[in-house]
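> My file is my_file_35.cif. It has mmCIF, C-alpha atoms:
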```cif
data_input
loop_
_atom_site.group_PDB
_atom_site.id
_atom_site.type_symbol
_atom_site.label_atom_id
_atom_site.label_comp_id
_atom_site.auth_asym_id
_atom_site.auth_seq_id
_atom_site.Cartn_x
_atom_site.Cartn_y
_atom_site.Cartn_z
ATOM 1 C CA MET A 624 28.292 54.860 123.885
ATOM 2 C CA LYS A 625 30.012 52.408 121.527
ATOM 3 C CA ARG A 626 31.162 53.656 118.174
ATOM 4 C CA LEU A 627 29.507 52.178 115.133
ATOM 5 C CA LYS A 628 31.735 49.906 113.080
ATOM 6 C CA LEU A 629 31.299 48.664 109.559
ATOM 7 C CA ASP A 630 31.032 44.897 109.433
ATOM 8 C CA ASP A 631 31.878 43.949 105.878
ATOM 9 C CA LYS A 632 31.093 40.289 106.507
ATOM 10 C CA THR A 633 27.330 40.887 106.671
ATOM 11 C CA TRP A 634 27.432 42.689 103.345
ATOM 12 C CA LEU A 635 28.499 39.651 101.342
ATOM 13 C CA THR A 636 25.921 37.109 100.200
ATOM 14 C CA PHE A 637 26.682 33.532 99.205
ATOM 15 C CA GLU A 638 26.136 34.398 95.536
ATOM 16 C CA GLU A 639 28.488 37.386 95.798
ATOM 17 C CA GLY A 640 31.080 35.200 97.521
ATOM 18 C CA CYS A 641 30.922 32.709 94.646
ATOM 19 C CA ASP A 642 31.308 35.507 92.096
ATOM 20 C CA MET A 643 34.263 36.887 94.039
ATOM 21 C CA TYR A 644 35.986 33.501 93.942
ATOM 22 C CA LEU A 645 35.380 33.156 90.189
ATOM 23 C CA ASP A 646 36.933 36.602 89.670
ATOM 24 C CA SER A 647 39.929 35.424 91.690
ATOM 25 C CA CYS A 648 40.221 32.370 89.420
ATOM 26 C CA ARG A 649 40.340 34.642 86.375
ATOM 27 C CA GLN A 650 42.940 36.877 88.000
ATOM 28 C CA ARG A 651 45.094 33.816 88.692
ATOM 29 C CA ASN A 652 44.704 32.852 85.022
ATOM 30 C CA LEU A 653 43.180 29.456 85.731
ATOM 31 C CA ARG A 654 42.010 27.482 82.724
ATOM 32 C CA GLU A 655 38.527 28.267 81.450
ATOM 33 C CA GLY A 656 37.552 24.636 81.998
ATOM 34 C CA THR A 657 38.460 24.946 85.690
ATOM 35 C CA ILE A 658 36.489 28.181 86.037
ATOM 36 C CA GLU A 659 33.500 26.600 84.312
ATOM 37 C CA HIS A 660 33.674 23.666 86.728
ATOM 38 C CA TYR A 661 33.480 26.021 89.718
ATOM 39 C CA ARG A 662 30.671 27.989 88.056
ATOM 40 C CA GLN A 663 28.600 24.833 87.622
ATOM 41 C CA ILE A 664 29.285 23.526 91.126
ATOM 42 C CA PHE A 665 28.410 26.913 92.696
ATOM 43 C CA HIS A 666 25.140 26.906 90.766
ATOM 44 C CA LYS A 667 24.520 23.445 92.197
ATOM 45 C CA PHE A 668 25.234 24.717 95.715
ATOM 46 C CA SER A 669 22.632 27.465 95.283
ATOM 47 C CA ASN A 670 19.953 24.749 95.174
ATOM 48 C CA TYR A 671 20.762 24.079 98.835
ATOM 49 C CA PHE A 672 22.146 27.370 100.133
ATOM 50 C CA ASP A 673 20.073 30.518 99.707
ATOM 51 C CA PRO A 674 22.001 32.772 97.274
ATOM 52 C CA ASP A 675 21.114 35.756 99.506
ATOM 53 C CA MET A 676 22.400 34.014 102.632
ATOM 54 C CA PRO A 677 25.143 36.080 104.349
ATOM 55 C CA VAL A 678 28.393 34.137 104.146
ATOM 56 C CA SER A 679 29.094 35.191 107.736
ATOM 57 C CA ASP A 680 26.372 32.706 108.761
ATOM 58 C CA PHE A 681 28.519 29.768 107.705
ATOM 59 C CA ASN A 682 29.706 27.682 110.644
ATOM 60 C CA GLU A 683 30.650 24.107 111.431
ATOM 61 C CA SER A 684 27.047 23.136 112.118
ATOM 62 C CA ILE A 685 25.807 24.330 108.716
ATOM 63 C CA TYR A 686 28.718 22.591 107.000
ATOM 64 C CA ASN A 687 27.974 19.287 108.756
ATOM 65 C CA GLU A 688 24.291 19.561 107.806
ATOM 66 C CA PHE A 689 25.345 19.939 104.168
ATOM 67 C CA VAL A 690 27.537 16.832 104.461
ATOM 68 C CA LEU A 691 24.530 14.840 105.695
ATOM 69 C CA HIS A 692 22.433 16.267 102.855
ATOM 70 C CA LEU A 693 24.941 15.039 100.269
ATOM 71 C CA GLN A 694 25.106 11.602 101.870
ATOM 72 C CA LYS A 695 21.314 11.309 101.661
ATOM 73 C CA THR A 696 21.015 12.542 98.072
ATOM 74 C CA MET A 697 24.201 11.088 96.566
ATOM 75 C CA HIS A 698 25.383 7.499 96.735
ATOM 76 C CA ASN A 699 28.891 7.917 95.379
ATOM 77 C CA ASP A 700 31.477 8.793 98.029
ATOM 78 C CA ILE A 701 33.894 10.167 95.440
ATOM 79 C CA SER A 702 31.246 12.549 94.052
ATOM 80 C CA ILE A 703 30.354 13.652 97.580
ATOM 81 C CA ASN A 704 33.979 14.489 98.333
ATOM 82 C CA THR A 705 34.294 16.352 95.040
ATOM 83 C CA ASN A 706 31.433 18.611 96.106
ATOM 84 C CA LEU A 707 32.851 19.016 99.603
ATOM 85 C CA ARG A 708 36.343 19.895 98.360
ATOM 86 C CA ASP A 709 34.917 22.618 96.140
ATOM 87 C CA LEU A 710 32.901 24.074 99.018
ATOM 88 C CA ILE A 711 35.922 23.858 101.333
ATOM 89 C CA THR A 712 38.013 25.699 98.738
ATOM 90 C CA LEU A 713 35.395 28.449 98.508
ATOM 91 C CA LEU A 714 35.025 28.813 102.272
ATOM 92 C CA HIS A 715 38.795 28.881 102.837
ATOM 93 C CA PHE A 716 38.961 31.679 100.270
ATOM 94 C CA LEU A 717 36.319 33.641 102.201
ATOM 95 C CA MET A 718 37.947 32.831 105.555
ATOM 96 C CA ASP A 719 41.283 34.221 104.368
ATOM 97 C CA ARG A 720 39.515 37.485 103.565
ATOM 98 C CA GLY A 721 37.695 37.702 106.867
ATOM 99 C CA TYR A 722 34.170 37.096 105.566
ATOM 100 C CA VAL A 723 33.734 33.746 107.333
ATOM 101 C CA ASP A 724 34.871 32.771 110.816
ATOM 102 C CA VAL A 725 37.450 29.994 110.764
ATOM 103 C CA PHE A 726 36.248 26.474 111.569
ATOM 104 C CA LYS A 727 37.416 22.976 110.669
ATOM 105 C CA MET A 728 36.015 21.182 107.634
ATOM 106 C CA LYS A 729 36.669 17.608 106.581
ATOM 107 C CA SER A 730 35.649 15.445 103.673
ATOM 108 C CA ILE A 731 34.210 12.010 104.347
ATOM 109 C CA LYS A 732 36.284 8.844 104.470
ATOM 110 C CA THR A 733 36.094 6.646 101.403
ATOM 111 C CA ASP A 734 37.155 3.143 100.513
ATOM 112 C CA GLN A 735 39.755 2.998 97.768
ATOM 113 C CA HIS A 736 38.812 0.681 94.951
ATOM 114 C CA PRO A 737 41.264 -0.812 92.450
ATOM 115 C CA ILE A 738 41.465 1.100 89.181
ATOM 116 C CA GLU A 739 39.735 -0.778 86.370
ATOM 117 C CA THR A 740 41.911 -0.991 83.282
ATOM 118 C CA TYR A 741 41.697 -2.610 79.866
ATOM 119 C CA THR A 742 42.495 -6.307 79.945
ATOM 120 C CA GLU A 743 45.094 -7.873 77.689
ATOM 121 C CA GLU A 744 42.331 -9.475 75.608
ATOM 122 C CA GLU A 745 40.621 -6.114 75.168
ATOM 123 C CA LEU A 746 43.896 -4.447 74.227
ATOM 124 C CA GLN A 747 44.499 -7.059 71.545
ATOM 125 C CA LYS A 748 41.125 -6.207 70.000
ATOM 126 C CA LEU A 749 41.621 -2.436 70.262
ATOM 127 C CA LEU A 750 45.200 -2.395 68.967
ATOM 128 C CA LYS A 751 44.563 -4.622 65.960
ATOM 129 C CA LYS A 752 45.106 -2.598 62.795
ATOM 130 C CA PRO A 753 42.048 -2.151 60.557
ATOM 131 C CA ASN A 754 42.097 -2.898 56.859
ATOM 132 C CA ILE A 755 43.144 0.434 55.348
ATOM 133 C CA ARG A 756 41.751 -0.521 51.952
ATOM 134 C CA CYS A 757 38.154 -0.622 53.146
ATOM 135 C CA CYS A 758 37.954 1.280 56.472
ATOM 136 C CA LYS A 759 36.967 4.924 56.862
ATOM 137 C CA PHE A 760 39.406 7.613 57.975
ATOM 138 C CA ILE A 761 37.792 8.013 61.418
ATOM 139 C CA GLU A 762 38.157 4.308 62.216
ATOM 140 C CA TYR A 763 41.789 4.393 61.134
ATOM 141 C CA GLU A 764 42.435 7.566 63.131
ATOM 142 C CA CYS A 765 40.825 6.019 66.225
ATOM 143 C CA TRP A 766 43.186 3.062 65.880
ATOM 144 C CA VAL A 767 46.154 5.460 65.738
ATOM 145 C CA MET A 768 44.829 7.429 68.717
ATOM 146 C CA THR A 769 44.320 4.214 70.694
ATOM 147 C CA ASN A 770 47.918 3.163 70.038
ATOM 148 C CA PHE A 771 49.158 6.663 70.929
ATOM 149 C CA LEU A 772 47.170 6.806 74.178
ATOM 150 C CA PHE A 773 48.315 3.377 75.294
ATOM 151 C CA CYS A 774 51.903 4.137 74.314
ATOM 152 C CA THR A 775 52.203 7.534 76.020
ATOM 153 C CA GLY A 776 49.537 7.667 78.744
ATOM 154 C CA VAL A 777 48.665 11.307 77.933
ATOM 155 C CA ARG A 778 45.424 12.896 79.101
ATOM 156 C CA GLN A 779 42.578 13.644 76.710
ATOM 157 C CA ARG A 780 43.096 17.409 76.852
ATOM 158 C CA SER A 781 46.762 16.974 76.022
ATOM 159 C CA LEU A 782 45.905 14.660 73.130
ATOM 160 C CA MET A 783 43.516 17.159 71.544
ATOM 161 C CA HIS A 784 46.118 19.962 71.639
ATOM 162 C CA ILE A 785 49.010 18.158 69.940
ATOM 163 C CA LYS A 786 50.004 19.787 66.683
ATOM 164 C CA ILE A 787 51.877 18.100 63.866
ATOM 165 C CA LYS A 788 54.925 20.231 64.599
ATOM 166 C CA ASP A 789 54.984 18.824 68.141
ATOM 167 C CA VAL A 790 55.806 15.343 66.833
ATOM 168 C CA ASP A 791 59.579 15.097 66.287
ATOM 169 C CA LEU A 792 59.996 11.828 64.429
ATOM 170 C CA ASN A 793 63.708 12.424 63.866
ATOM 171 C CA ASN A 794 64.442 12.601 67.588
ATOM 172 C CA HIS A 795 61.717 10.116 68.517
ATOM 173 C CA VAL A 796 59.837 12.423 70.901
ATOM 174 C CA VAL A 797 56.530 14.254 71.141
ATOM 175 C CA HIS A 798 56.185 17.630 72.865
ATOM 176 C CA ILE A 799 53.091 17.883 75.076
ATOM 177 C CA ASN A 800 52.507 21.606 75.544
ATOM 178 C CA VAL A 801 49.072 21.499 77.180
ATOM 179 C CA THR A 802 49.156 19.656 80.505
ATOM 180 C CA LYS A 803 47.217 19.696 83.761
ATOM 181 C CA ASN A 804 49.998 21.452 85.687
ATOM 182 C CA ARG A 805 51.014 23.616 82.698
ATOM 183 C CA LYS A 806 54.488 22.111 82.551
ATOM 184 C CA THR A 807 55.618 21.009 79.105
ATOM 185 C CA LEU A 808 56.321 17.307 78.730
ATOM 186 C CA ILE A 809 58.720 15.663 76.291
ATOM 187 C CA ILE A 810 57.712 12.031 75.888
ATOM 188 C CA PRO A 811 59.997 9.551 74.087
ATOM 189 C CA LEU A 812 58.381 7.484 71.333
ATOM 190 C CA ASN A 813 59.262 3.895 70.555
ATOM 191 C CA GLN A 814 59.828 2.590 67.026
ATOM 192 C CA THR A 815 56.377 1.012 66.803
ATOM 193 C CA ILE A 816 54.417 4.222 67.393
ATOM 194 C CA ILE A 817 56.834 6.157 65.188
ATOM 195 C CA GLY A 818 56.020 3.829 62.303
ATOM 196 C CA ILE A 819 52.296 4.204 62.988
ATOM 197 C CA LEU A 820 52.536 8.024 63.057
ATOM 198 C CA LYS A 821 54.613 8.169 59.874
ATOM 199 C CA GLU A 822 51.948 6.220 58.014
ATOM 200 C CA PHE A 823 49.136 8.234 59.623
ATOM 201 C CA LEU A 824 50.633 11.538 58.487
ATOM 202 C CA LYS A 825 50.431 10.339 54.886
ATOM 203 C CA TYR A 826 46.660 9.989 55.229
ATOM 204 C CA ARG A 827 46.149 13.008 57.495
ATOM 205 C CA GLN A 828 46.166 15.437 54.489
ATOM 206 C CA TYR A 829 47.433 18.344 56.564
ATOM 207 C CA THR A 830 48.431 21.646 54.972
ATOM 208 C CA SER A 831 50.635 23.060 57.716
ATOM 209 C CA ALA A 832 52.732 21.910 60.665
ATOM 210 C CA GLU A 833 50.398 24.089 62.743
ATOM 211 C CA ASP A 834 47.505 21.721 62.002
ATOM 212 C CA TRP A 835 46.257 19.465 64.778
ATOM 213 C CA LEU A 836 47.689 15.943 64.783
ATOM 214 C CA PHE A 837 44.307 14.360 65.524
ATOM 215 C CA CYS A 838 41.234 15.971 64.029
ATOM 216 C CA ASN A 839 37.564 15.491 63.226
ATOM 217 C CA VAL A 840 36.369 14.316 59.825
ATOM 218 C CA TYR A 841 36.719 17.869 58.482
ATOM 219 C CA GLY A 842 40.307 18.296 59.634
ATOM 220 C CA LYS A 843 39.382 20.643 62.523
ATOM 221 C CA GLN A 844 40.496 20.374 66.138
ATOM 222 C CA LEU A 845 38.746 17.751 68.205
ATOM 223 C CA VAL A 846 36.506 18.816 71.078
ATOM 224 C CA LYS A 847 36.037 16.730 74.213
ATOM 225 C CA GLU A 848 32.629 15.317 73.302
ATOM 226 C CA THR A 849 33.624 14.394 69.732
ATOM 227 C CA CYS A 850 36.864 12.777 70.869
ATOM 228 C CA TYR A 851 35.061 10.675 73.475
ATOM 229 C CA HIS A 852 32.269 9.690 71.078
ATOM 230 C CA MET A 853 34.734 8.610 68.378
ATOM 231 C CA LEU A 854 36.672 6.307 70.685
ATOM 232 C CA CYS A 855 33.520 5.026 72.377
ATOM 233 C CA CYS A 856 32.064 3.930 69.021
ATOM 234 C CA TYR A 857 35.436 2.463 68.057
ATOM 235 C CA ASN A 858 35.546 0.347 71.238
ATOM 236 C CA HIS A 859 32.009 -0.934 70.785
ATOM 237 C CA ALA A 860 32.668 -1.776 67.145
ATOM 238 C CA ARG A 861 35.623 -3.882 68.321
ATOM 239 C CA GLY A 862 33.447 -5.720 70.828
ATOM 240 C CA VAL A 863 34.868 -3.901 73.863
ATOM 241 C CA GLN A 864 32.148 -2.491 76.106
ATOM 242 C CA LYS A 865 34.546 -0.607 78.363
ATOM 243 C CA THR A 866 35.090 2.993 77.356
ATOM 244 C CA GLY A 867 37.000 5.940 78.728
ATOM 245 C CA ILE A 868 40.033 7.742 77.377
ATOM 246 C CA HIS A 869 41.566 8.164 80.833
ATOM 247 C CA ARG A 870 41.385 4.381 81.223
ATOM 248 C CA TYR A 871 44.281 4.146 78.747
ATOM 249 C CA ARG A 872 46.371 6.272 81.130
ATOM 250 C CA HIS A 873 45.661 3.840 83.961
ATOM 251 C CA THR A 874 46.327 0.873 81.681
ATOM 252 C CA PHE A 875 49.629 2.398 80.561
ATOM 253 C CA ALA A 876 50.715 2.846 84.185
ATOM 254 C CA LYS A 877 49.632 -0.673 85.125
ATOM 255 C CA GLN A 878 51.399 -2.368 82.226
ATOM 256 C CA TRP A 879 54.518 -0.286 82.885
ATOM 257 C CA ILE A 880 54.665 -1.535 86.474
ATOM 258 C CA LEU A 881 53.859 -5.142 85.559
ATOM 259 C CA SER A 882 56.637 -5.045 82.955
ATOM 260 C CA GLY A 883 59.153 -3.979 85.603
ATOM 261 C CA GLY A 884 59.346 -0.321 84.571
ATOM 262 C CA ASN A 885 61.009 2.250 86.812
ATOM 263 C CA VAL A 886 58.542 4.169 89.025
ATOM 264 C CA VAL A 887 60.494 7.438 88.833
ATOM 265 C CA VAL A 888 60.518 7.299 85.026
ATOM 266 C CA LEU A 889 56.796 6.504 85.028
ATOM 267 C CA SER A 890 56.126 9.540 87.211
ATOM 268 C CA ARG A 891 57.930 11.779 84.724
ATOM 269 C CA LEU A 892 56.162 10.272 81.728
ATOM 270 C CA LEU A 893 52.775 10.831 83.363
ATOM 271 C CA GLY A 894 53.726 14.394 84.272
ATOM 272 C CA HIS A 895 52.903 13.937 87.942
ATOM 273 C CA SER A 896 53.910 16.802 90.219
ATOM 274 C CA SER A 897 55.160 14.376 92.869
ATOM 275 C CA LEU A 898 56.173 10.753 93.172
ATOM 276 C CA SER A 899 53.460 10.189 95.795
ATOM 277 C CA ILE A 900 50.772 10.558 93.110
ATOM 278 C CA THR A 901 52.411 7.829 91.047
ATOM 279 C CA GLN A 902 52.757 5.647 94.131
ATOM 280 C CA ASN A 903 48.997 5.992 94.649
ATOM 281 C CA TYR A 904 48.534 4.530 91.174
ATOM 282 C CA ILE A 905 50.609 1.549 92.219
ATOM 283 C CA HIS A 906 48.657 1.192 95.471
ATOM 284 C CA LEU A 907 45.398 0.941 93.535
ATOM 285 C CA LEU A 908 46.906 -1.723 91.297
ATOM 286 C CA VAL A 909 47.843 -4.007 94.207
ATOM 287 C CA SER A 910 45.037 -6.451 93.402
ATOM 288 C CA ASP A 911 46.460 -6.942 89.919
ATOM 289 C CA LEU A 912 49.983 -7.312 91.225
ATOM 290 C CA SER A 913 48.989 -10.137 93.580
ATOM 291 C CA GLU A 914 48.905 -12.572 90.672
ATOM 292 C CA GLN A 915 52.429 -11.584 89.716
ATOM 293 C CA VAL A 916 53.620 -12.096 93.304
ATOM 294 C CA GLU A 917 52.356 -15.657 93.182
ATOM 295 C CA GLU A 918 53.986 -16.313 89.804
ATOM 296 C CA ILE A 919 57.311 -14.840 90.916
ATOM 297 C CA ASN A 920 57.623 -16.693 94.211
ATOM 298 C CA LEU A 921 60.995 -15.560 95.535
ATOM 299 C CA LEU A 922 60.899 -17.933 98.496
ATOM 300 C CA ASP A 923 60.502 -20.955 96.235
ATOM 301 C CA LYS A 924 63.224 -19.658 93.961
ATOM 302 C CA PHE A 925 65.884 -19.523 96.662
ATOM 303 C CA ALA A 926 64.638 -22.186 99.059
ATOM 304 C CA GLU A 927 66.663 -25.400 99.349
ATOM 305 C CA ARG A 928 64.894 -28.527 98.174
ATOM 306 C CA LYS A 929 66.666 -30.908 100.551
ATOM 307 C CA ALA A 930 64.407 -32.912 102.824
ATOM 308 C CA ILE A 931 65.015 -32.400 106.537
ATOM 309 C CA LYS A 932 64.591 -35.266 108.957
ATOM 310 C CA MET A 933 63.538 -34.523 112.502
ATOM 311 C CA ARG A 934 65.606 -36.194 115.204
#
```
Just give me the structure as structure tokens.


Amino acid sequence: MKRLKLDDKTWLTFEEGCDMYLDSCRQRNLREGTIEHYRQIFHKFSNYFDPDMPVSDFNESIYNEFVLHLQKTMHNDISINTNLRDLITLLHFLMDRGYVDVFKMKSIKTDQHPIETYTEEELQKLLKKPNIRCCKFIEYECWVMTNFLFCTGVRQRSLMHIKIKDVDLNNHVVHINVTKNRKTLIIPLNQTIIGILKEFLKYRQYTSAEDWLFCNVYGKQLVKETCYHMLCCYNHARGVQKTGIHRYRHTFAKQWILSGGNVVVLSRLLGHSSLSITQNYIHLLVSDLSEQVEEINLLDKFAERKAIKMR
């Protein structure tokens, strides 16, 4: 007679597996925003997978059926892969702990599209200084933020967490302490943005160096929704229908490359963990660079102009 063995895998439901992964995220001290993202996506998964489903039932067939489900219900390949990557992350976590048998999982293939950035005409509208004598503080602050974003290429989360003490005008740098990879960045500032920030600080009416550099109308820290709404209204008021704070990061990278900037320096300024990420930026800007290739025709530059007669 065979001895009875405990099979822990059948004891864990899909809902319990999700909760276990969220606990692991907290133990690893992941950002609350990251944990909230997983919480929302797991709730979304529960609309397809039964929360009481044993995770040991997961196999390649069930995974492939879910892929087909996403392709039928979603029409954005990038969004589909976002969902798949989160599920793959969860299942790999459960596989490592022996709750799910190992099988191969792949995301779908997608076509890479060029990154849409602000045009030079749009930048001229957005970077034009408002009349300080008659504009409101929020409009003026949005103009400063727009210049800062285009000048530094920082992410929105980083922007909202800059304190006045982080701006070192004497040494022409700004310290970015909140980044995606949690590594502090020191970004050099040019004379133009230094002049803009010096003037802005006179109107900022801060009481302490611990105050936030950019704030809401009451002087409090910006939240994601308020920050986006402010700049969205600012763009529309300037006659620019494009919006998106991250678009300034792409525009910064594009203009840096088009101006002949060093790729390694760009990678450091953007805070990328590897040069390959920066190179991907460049790859997605190829369509924009094609015009420059035609303008800077190296063959014409060095080719001899003498006519050659055939014998």

> Expand the PyMOL selection byres ((chain A and resi 714-723) around 10) into the explicit residue set it covers here, and present it as a VMD selection string.

chain A and resid 630 to 636 640 to 641 643 to 644 647 677 to 682 708 to 713 724 to 728

> For this structure, which residues satisfy the selection - the PyMOL selection byres ((chain A and resi 741) around 8) - when it is evaluated on the file as given? I want them as a list of chain:residue names.

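Output from the PyMOL selection byres ((chain A and resi 741) around 8), applied to this file: A:Glu739, A:Thr740, A:Thr742, A:Glu743, A:Glu745, A:Leu746, A:Lys865, A:Arg870, A:Tyr871, A:Thr874.
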
> Selection from above, C-alpha atoms, as a compact mmCIF listing (two decimals), in the coordinates of the input, can you write it?


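The resulting file, part-v6.txt, is shown below:
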```
# COMPACT_ATOMS: atom_id res chain seq x y z
CA GLU A 739 39.74 -0.78 86.37
CA THR A 740 41.91 -0.99 83.28
CA THR A 742 42.50 -6.31 79.94
CA GLU A 743 45.09 -7.87 77.69
CA GLU A 745 40.62 -6.11 75.17
CA LEU A 746 43.90 -4.45 74.23
CA LYS A 865 34.55 -0.61 78.36
CA ARG A 870 41.38 4.38 81.22
CA TYR A 871 44.28 4.15 78.75
CA THR A 874 46.33 0.87 81.68
```

> Show me, as JSON, the centre and edge lengths in Å to one decimal of the axis-aligned box that covers every listed atom of range 691-694 of chain A with 3 Å on each side.


```
{"center_x": 23.8, "center_y": 13.9, "center_z": 103.0, "size_x": 8.7, "size_y": 10.7, "size_z": 11.4}
```

> Taking (30.2, 22.5, 92.5) in the file's coordinates, which residues come within 9 Å, counting all atoms listed in the file, written as a list of chain:residue names?

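So the residues meeting the distance criterion are A:His660, A:Tyr661, A:Arg662, A:Gln663, A:Ile664, A:Phe665, A:His666, A:Lys667, A:Phe668, A:Thr705, A:Asn706, A:Leu707, A:Arg708, A:Asp709, A:Leu710.
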
> Record the distance separating CA of Lys806 in chain A and CA of Phe773 in chain A, expressed in Å with one decimal.

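According to the coordinates, CA of Lys806 in chain A and CA of Phe773 in chain A are separated by 21.0 Å.
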
> Of the residues A:Lys748, A:Lys786, A:His873, A:Lys729, which is the one nearest to Ala860 in chain A, using only C-alpha atoms?

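Among A:Lys748, A:Lys786, A:His873, A:Lys729, it is A:Lys748 that comes nearest to Ala860 in chain A.
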
> Counting only C-alpha atoms, which residues sit no farther than 7 Å from the position (55.7, 4.3, 90.4) in the file's frame? I'd like them as a PDB file with C-alpha atoms, in the coordinates of the input.


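And here's result30.pdb as it stands now:
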```pdb
ATOM      1  CA  ASN A 885      61.009   2.250  86.812  1.00  0.00           C
ATOM      2  CA  VAL A 886      58.542   4.169  89.025  1.00  0.00           C
ATOM      3  CA  VAL A 887      60.494   7.438  88.833  1.00  0.00           C
ATOM      4  CA  LEU A 889      56.796   6.504  85.028  1.00  0.00           C
ATOM      5  CA  SER A 890      56.126   9.540  87.211  1.00  0.00           C
ATOM      6  CA  THR A 901      52.411   7.829  91.047  1.00  0.00           C
ATOM      7  CA  GLN A 902      52.757   5.647  94.131  1.00  0.00           C
ATOM      8  CA  ILE A 905      50.609   1.549  92.219  1.00  0.00           C
TER       9      ILE A 905
END
```

> Using all atoms listed in the file, which residue out of A:Gln779, A:Gln650, A:Asn699, A:Asn804 lies closest to Leu845 in chain A?

A:Gln779

> Evaluate the PyMOL selection byres ((chain A and resi 811-820) around 8) here and jot the selected residues down as a CSV table (one decimal) with C-alpha atoms, keeping the file's coordinate frame.


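Here's the written file out.csv:
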```csv
chain,number,residue,atom,x,y,z
A,767,VAL,CA,46.2,5.5,65.7
A,770,ASN,CA,47.9,3.2,70.0
A,771,PHE,CA,49.2,6.7,70.9
A,774,CYS,CA,51.9,4.1,74.3
A,775,THR,CA,52.2,7.5,76.0
A,792,LEU,CA,60.0,11.8,64.4
A,795,HIS,CA,61.7,10.1,68.5
A,796,VAL,CA,59.8,12.4,70.9
A,797,VAL,CA,56.5,14.3,71.1
A,809,ILE,CA,58.7,15.7,76.3
A,810,ILE,CA,57.7,12.0,75.9
A,821,LYS,CA,54.6,8.2,59.9
A,822,GLU,CA,51.9,6.2,58.0
A,823,PHE,CA,49.1,8.2,59.6
A,824,LEU,CA,50.6,11.5,58.5
```

> What is the CA of Tyr829 in chain A to CA of His784 in chain A distance in Å?

15.2 Å

> Can you list, as a ChimeraX atom specification, every protein, DNA or RNA residue that comes within 7 Å of Gly776 in chain A when you count only C-alpha atoms, leaving out same-chain residues fewer than 4 positions away?

/A:772,871-872,875,893

> How would range 759-770 of chain A read, as an mmCIF file, in the coordinates of the input, once N, CA, C and O atoms are built in?


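So the final result, stored in part.cif, reads:
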```
data_model
loop_
_atom_site.group_PDB
_atom_site.id
_atom_site.type_symbol
_atom_site.label_atom_id
_atom_site.label_comp_id
_atom_site.auth_asym_id
_atom_site.auth_seq_id
_atom_site.Cartn_x
_atom_site.Cartn_y
_atom_site.Cartn_z
ATOM 1 N N LYS A 759 37.085 3.470 56.990
ATOM 2 C CA LYS A 759 36.967 4.924 56.862
ATOM 3 C C LYS A 759 38.082 5.598 57.645
ATOM 4 O O LYS A 759 38.705 4.996 58.526
ATOM 5 N N PHE A 760 38.309 6.880 57.337
ATOM 6 C CA PHE A 760 39.406 7.613 57.975
ATOM 7 C C PHE A 760 39.245 7.656 59.487
ATOM 8 O O PHE A 760 40.218 7.491 60.227
ATOM 9 N N ILE A 761 38.014 7.874 59.981
ATOM 10 C CA ILE A 761 37.792 8.013 61.418
ATOM 11 C C ILE A 761 38.155 6.721 62.151
ATOM 12 O O ILE A 761 38.766 6.757 63.223
ATOM 13 N N GLU A 762 37.807 5.573 61.576
ATOM 14 C CA GLU A 762 38.157 4.308 62.216
ATOM 15 C C GLU A 762 39.673 4.154 62.283
ATOM 16 O O GLU A 762 40.225 3.741 63.311
ATOM 17 N N TYR A 763 40.328 4.492 61.174
ATOM 18 C CA TYR A 763 41.789 4.393 61.134
ATOM 19 C C TYR A 763 42.423 5.356 62.132
ATOM 20 O O TYR A 763 43.360 5.007 62.863
ATOM 21 N N GLU A 764 41.900 6.582 62.198
ATOM 22 C CA GLU A 764 42.435 7.566 63.131
ATOM 23 C C GLU A 764 42.234 7.112 64.577
ATOM 24 O O GLU A 764 43.123 7.286 65.415
ATOM 25 N N CYS A 765 41.081 6.519 64.865
ATOM 26 C CA CYS A 765 40.825 6.019 66.225
ATOM 27 C C CYS A 765 41.827 4.932 66.601
ATOM 28 O O CYS A 765 42.262 4.851 67.753
ATOM 29 N N TRP A 766 42.177 4.098 65.619
ATOM 30 C CA TRP A 766 43.186 3.062 65.880
ATOM 31 C C TRP A 766 44.529 3.706 66.207
ATOM 32 O O TRP A 766 45.214 3.292 67.143
ATOM 33 N N VAL A 767 44.897 4.751 65.473
ATOM 34 C CA VAL A 767 46.154 5.460 65.738
ATOM 35 C C VAL A 767 46.108 6.121 67.107
ATOM 36 O O VAL A 767 47.064 6.042 67.890
ATOM 37 N N MET A 768 44.987 6.770 67.419
ATOM 38 C CA MET A 768 44.829 7.429 68.717
ATOM 39 C C MET A 768 44.913 6.425 69.856
ATOM 40 O O MET A 768 45.525 6.699 70.903
ATOM 41 N N THR A 769 44.291 5.257 69.672
ATOM 42 C CA THR A 769 44.320 4.214 70.694
ATOM 43 C C THR A 769 45.748 3.766 70.962
ATOM 44 O O THR A 769 46.171 3.623 72.116
ATOM 45 N N ASN A 770 46.514 3.537 69.888
ATOM 46 C CA ASN A 770 47.918 3.163 70.038
ATOM 47 C C ASN A 770 48.707 4.269 70.725
ATOM 48 O O ASN A 770 49.533 4.000 71.599
#
```
